[in-house]
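Data first, discussion second: the structure below is written as structure tokens.
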2 protein chains.
Amino acid sequence: MEQVDPRTRILDAAEELFYGQGVQAVGMDAVRAASGLTMRRVYQHFPSKGDLVEAYLRRRDARWRAGLALYVAQAGGAPRDQLLAVFDWLGRWFAEPGFRGCAFVNSFGELGATTPAVAAAARHHKEEFAAFLAALVEAVGAPPGTAVQLALLAEGAITTAAVHGDPGAAADAGAAARVLVDAALAARG
Amino acid sequence: MEQVDPRTRILDAAEELFYGQGVQAVGMDAVRAASGLTMRRVYQHFPSKGDLVEAYLRRRDARWRAGLALYVAQAGGAPRDQLLAVFDWLGRWFAEPGFRGCAFVNSFGELGATTPAVAAAARHHKEEFAAFLAALVEAVGAPPGTAVQLALLAEGAITTAAVHGDPGAAADAGAAARVLVDAALAARG
DNA sequence: CGCGGGTGAGAACGATCGTTCTCACGATGG
DNA sequence: CCATCGTGAGAACGATCGTTCTCACCCGCG
């Protein structure tokens with residue numbers, strides 16, 4: 001029935017478990033069981049748990065940013081609408097079942113101090129997101145500093161929504177973003 | 001020489017280790033060694049690691065909020081200056097050696113899904129911080145929604161400063177906060 | 001003096017983890 | 001038909017973890 005290639009099945013299982021419970025809380029045997037494969041096959045594709053963690057973060061980064069970019073692009077309209085669509089997208093993400101905050105922030109807190117690759121993955125993910133915002137902000141015609149501020153809002157919304165279990169943080173952040181963007185545009189004249 | 005009471009020594013050791021490396025990455029024996037006590041004494045004060053983790057989070061929450069409140073109170077001046085002093089204080093915290101983000105967010109990511117007490121501690125910490133901000137915002141005369149927005153900025157600054165190792169996030173958040181507060185006052189004006 | 005209770009120091013225990021190995025089996029090629 | 005190789009299934013291994021136990025020792029009280 002499931003003809004998905006083994007690597008994908010392992011990554012799917014790892015992502016669900018690592019994200020949902022934390023990396024250290026999940027044993028390799030749980031990943032094996034959830035993937036429906038044998039231990040041998042798992043280690044054949046990922047020689048160590050560290051490799052699996054890195055692959056999990058890499059794939060999640062790519063998917064997350066692609067999903068955001070797609071949503072924003074389809075939001076179409078004026079650059080300003082695209083910018084604010086970022087916060088709509090966050091709100092949808094927050095409302096998904098099993099949402100538990102940013103996988104990179106969570107991994108960073110758990111392993112960042114001891115596993116440089118995890119810290120680097122988190123930094124990379126946040127840099128890419130900041131660059132994405134910066135491009136949108138530039139299209140709007142606001143100064144780069146505004147992009148940094150919007151990134152802080154988005155970051156805070158992710159964490160707040162996770163801890164409080166309240167997707168409404170996205171709307172709060174979006175409202176603040178609108179004020180900041182308009183203020184920056186007005187100041188620039 | 002060290003006549004500090006054992007409980008404090010254990011909590012000091014636990015805080016440094018748990019915060020610096022993550023809770024799961026630190027074994028009870030490391031806490032024992034860092035506290036300079038025996039295993040028996042450690043378990044005498046904290047019957048399980050979970051108890052120690054909860055005590056660590058409780059004490060850190062109290063200290064963190066007391067430090068913030070003290071700084072803001074001493075900043076004196078107009079309510080608006082007190083509000084912005086919050087971000088000064090964050091900047092000083094970010095610049096401290098060993099800063100590694102919010103202990104509660106880190107613990108939440110690591111254990112929140114499996115340990116309800118940790119999730120509750122994180123929620124409580126954030127609620128108290130939000131309430132603190134709300135009081136300052138009310139004193140300024142801005143609407144409550146502004147406090148929520150400032151909380152998102154602060155939250156985002158903490159995470160961003162941690163992941164990028166850049167204390168400048170506090171200044172960025174402070175600048176955004178000033179804009180939001182002034183805009184809210186002008187709108188209410 | 002003797003003895004009971006608490007202590008220090010660390011070994012021991014059982015569970016769990018990441019990783020590797022065993023071994024019977026099934027497909028493949030000569 | 002037989003030798004070979006890779007596989008599935010899971011046991012095994014060594015390390016580490018949280019927690020408890022052992023035991024020699026020291027204290028104050030009879």
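Every chain in the structure tokens takes a letter, A first, then B, and so on in the order presented; its residues are numbered from 1, and the ligands are numbered from 1 following the presented order.
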
*Near Phe94 of chain A, counting only C-alpha atoms (C1' of nucleotides), which residues have an atom at most 7 Å away, once you skip same-chain residues fewer than 5 positions from it, shown as an MDAnalysis selection string?*
chainID A and resid 99 161 167

Atoms kept (C-alpha atoms) for selection, written as an mmCIF file, in the first residue's frame:
```cif
data_model
loop_
_atom_site.group_PDB
_atom_site.id
_atom_site.type_symbol
_atom_site.label_atom_id
_atom_site.label_comp_id
_atom_site.auth_asym_id
_atom_site.auth_seq_id
_atom_site.Cartn_x
_atom_site.Cartn_y
_atom_site.Cartn_z
ATOM 1 C CA PHE A 99 1.249 23.148 16.577
ATOM 2 C CA ALA A 161 0.923 31.116 20.290
ATOM 3 C CA PRO A 167 -3.547 31.314 17.485
#
```

Within 12 Å of segment 10-30 of chain D: each segment 35-64 of chain A residue with its shortest pair, only C-alpha atoms (C1' of nucleotides), as a Markdown table:
```
| residue | atom | partner | partner_atom | distance |
| --- | --- | --- | --- | --- |
| A:Thr38 | CA | D:DG10 | C1' | 9.2 |
| A:Met39 | CA | D:DG10 | C1' | 9.1 |
| A:Arg40 | CA | D:DG10 | C1' | 10.6 |
```

Could you write out that same residue set with C-alpha atoms as a PDB file, in the first residue's frame?
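As written to disk, out.pdb reads:
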```pdb
ATOM      1  CA  THR A  38      13.469  -2.121  10.420  1.00  0.00           C
ATOM      2  CA  MET A  39      16.290  -0.712  12.478  1.00  0.00           C
ATOM      3  CA  ARG A  40      18.750  -1.782   9.835  1.00  0.00           C
TER       4      ARG A  40
END
```

*Output the contact residues of chain B with respect to chain D at a cut-off of 10 Å, based on only C-alpha atoms (C1' of nucleotides), as a list in words.*
Gln24, Val26, Gly27, Met28, Asp29, Met39, Arg40, Tyr43, Pro47, Ser48 and Lys49 of chain B

Please write the residues from the selection above to a file, keeping C-alpha atoms, as an mmCIF file, in the first residue's frame.
```cif
data_model
loop_
_atom_site.group_PDB
_atom_site.id
_atom_site.type_symbol
_atom_site.label_atom_id
_atom_site.label_comp_id
_atom_site.auth_asym_id
_atom_site.auth_seq_id
_atom_site.Cartn_x
_atom_site.Cartn_y
_atom_site.Cartn_z
ATOM 1 C CA GLN B 24 17.616 16.650 29.508
ATOM 2 C CA VAL B 26 22.180 17.417 32.331
ATOM 3 C CA GLY B 27 22.267 14.391 34.596
ATOM 4 C CA MET B 28 21.611 14.462 38.299
ATOM 5 C CA ASP B 29 25.216 13.516 38.907
ATOM 6 C CA MET B 39 23.723 12.391 46.039
ATOM 7 C CA ARG B 40 21.880 11.645 49.243
ATOM 8 C CA TYR B 43 17.613 13.806 46.801
ATOM 9 C CA PRO B 47 12.991 13.895 45.728
ATOM 10 C CA SER B 48 13.161 13.684 41.973
ATOM 11 C CA LYS B 49 14.659 15.472 39.011
#
```

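Using only C-alpha atoms (C1' of nucleotides), we find that the part of chain C lying within 12 Å of chain A comprises DT16, DC17, DG18, DT19, DT20 and DC21 of chain C.
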
_For atom CA of Glu16 of chain A and atom CA of Thr159 of chain B, the interatomic separation in Å (one decimal)_ =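 For atom CA of Glu16 of chain A relative to atom CA of Thr159 of chain B, the distance reads 23.1 Å.
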
*Residue nearest chain B among A:Ala75, A:Ala66, A:Val137, A:Ala120 (counting only C-alpha atoms)*: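 Smallest distance to chain B is found for A:Ala120.
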
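In this structure, atom CA of Leu185 of chain B sits 7.1 Å away from atom CA of Gly141 of chain B.
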
_Residues of chain A within 7 Å of chain B, counting only C-alpha atoms, what are they? List them as a ChimeraX atom specification._
/A:20-22,106,109-110,113-114,122-123,149,152-153,155-157,163-164,172-173,176,179-180

_Filtered DSSP result for segment 82-131 of chain A, state alpha helix (DSSP H), as a PyMOL selection string_ = chain A and resi 82-95+103-111+116-131

*Just how far from atom CA of Ala85 of chain A is atom CA of Asp12 of chain A, in Å to one decimal?*
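Atom CA of Ala85 of chain A lies at a distance of 27.7 Å from atom CA of Asp12 of chain A.
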
*asked:* Please list as a list of chain:residue names every residue within 8 Å of Tyr56 of chain B, counting only C-alpha atoms (C1' of nucleotides) and excluding residues in the same chain fewer than 5 positions away.
replied: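 Residues meeting the cut-off are B:Leu11, B:Ala14, B:Glu15.
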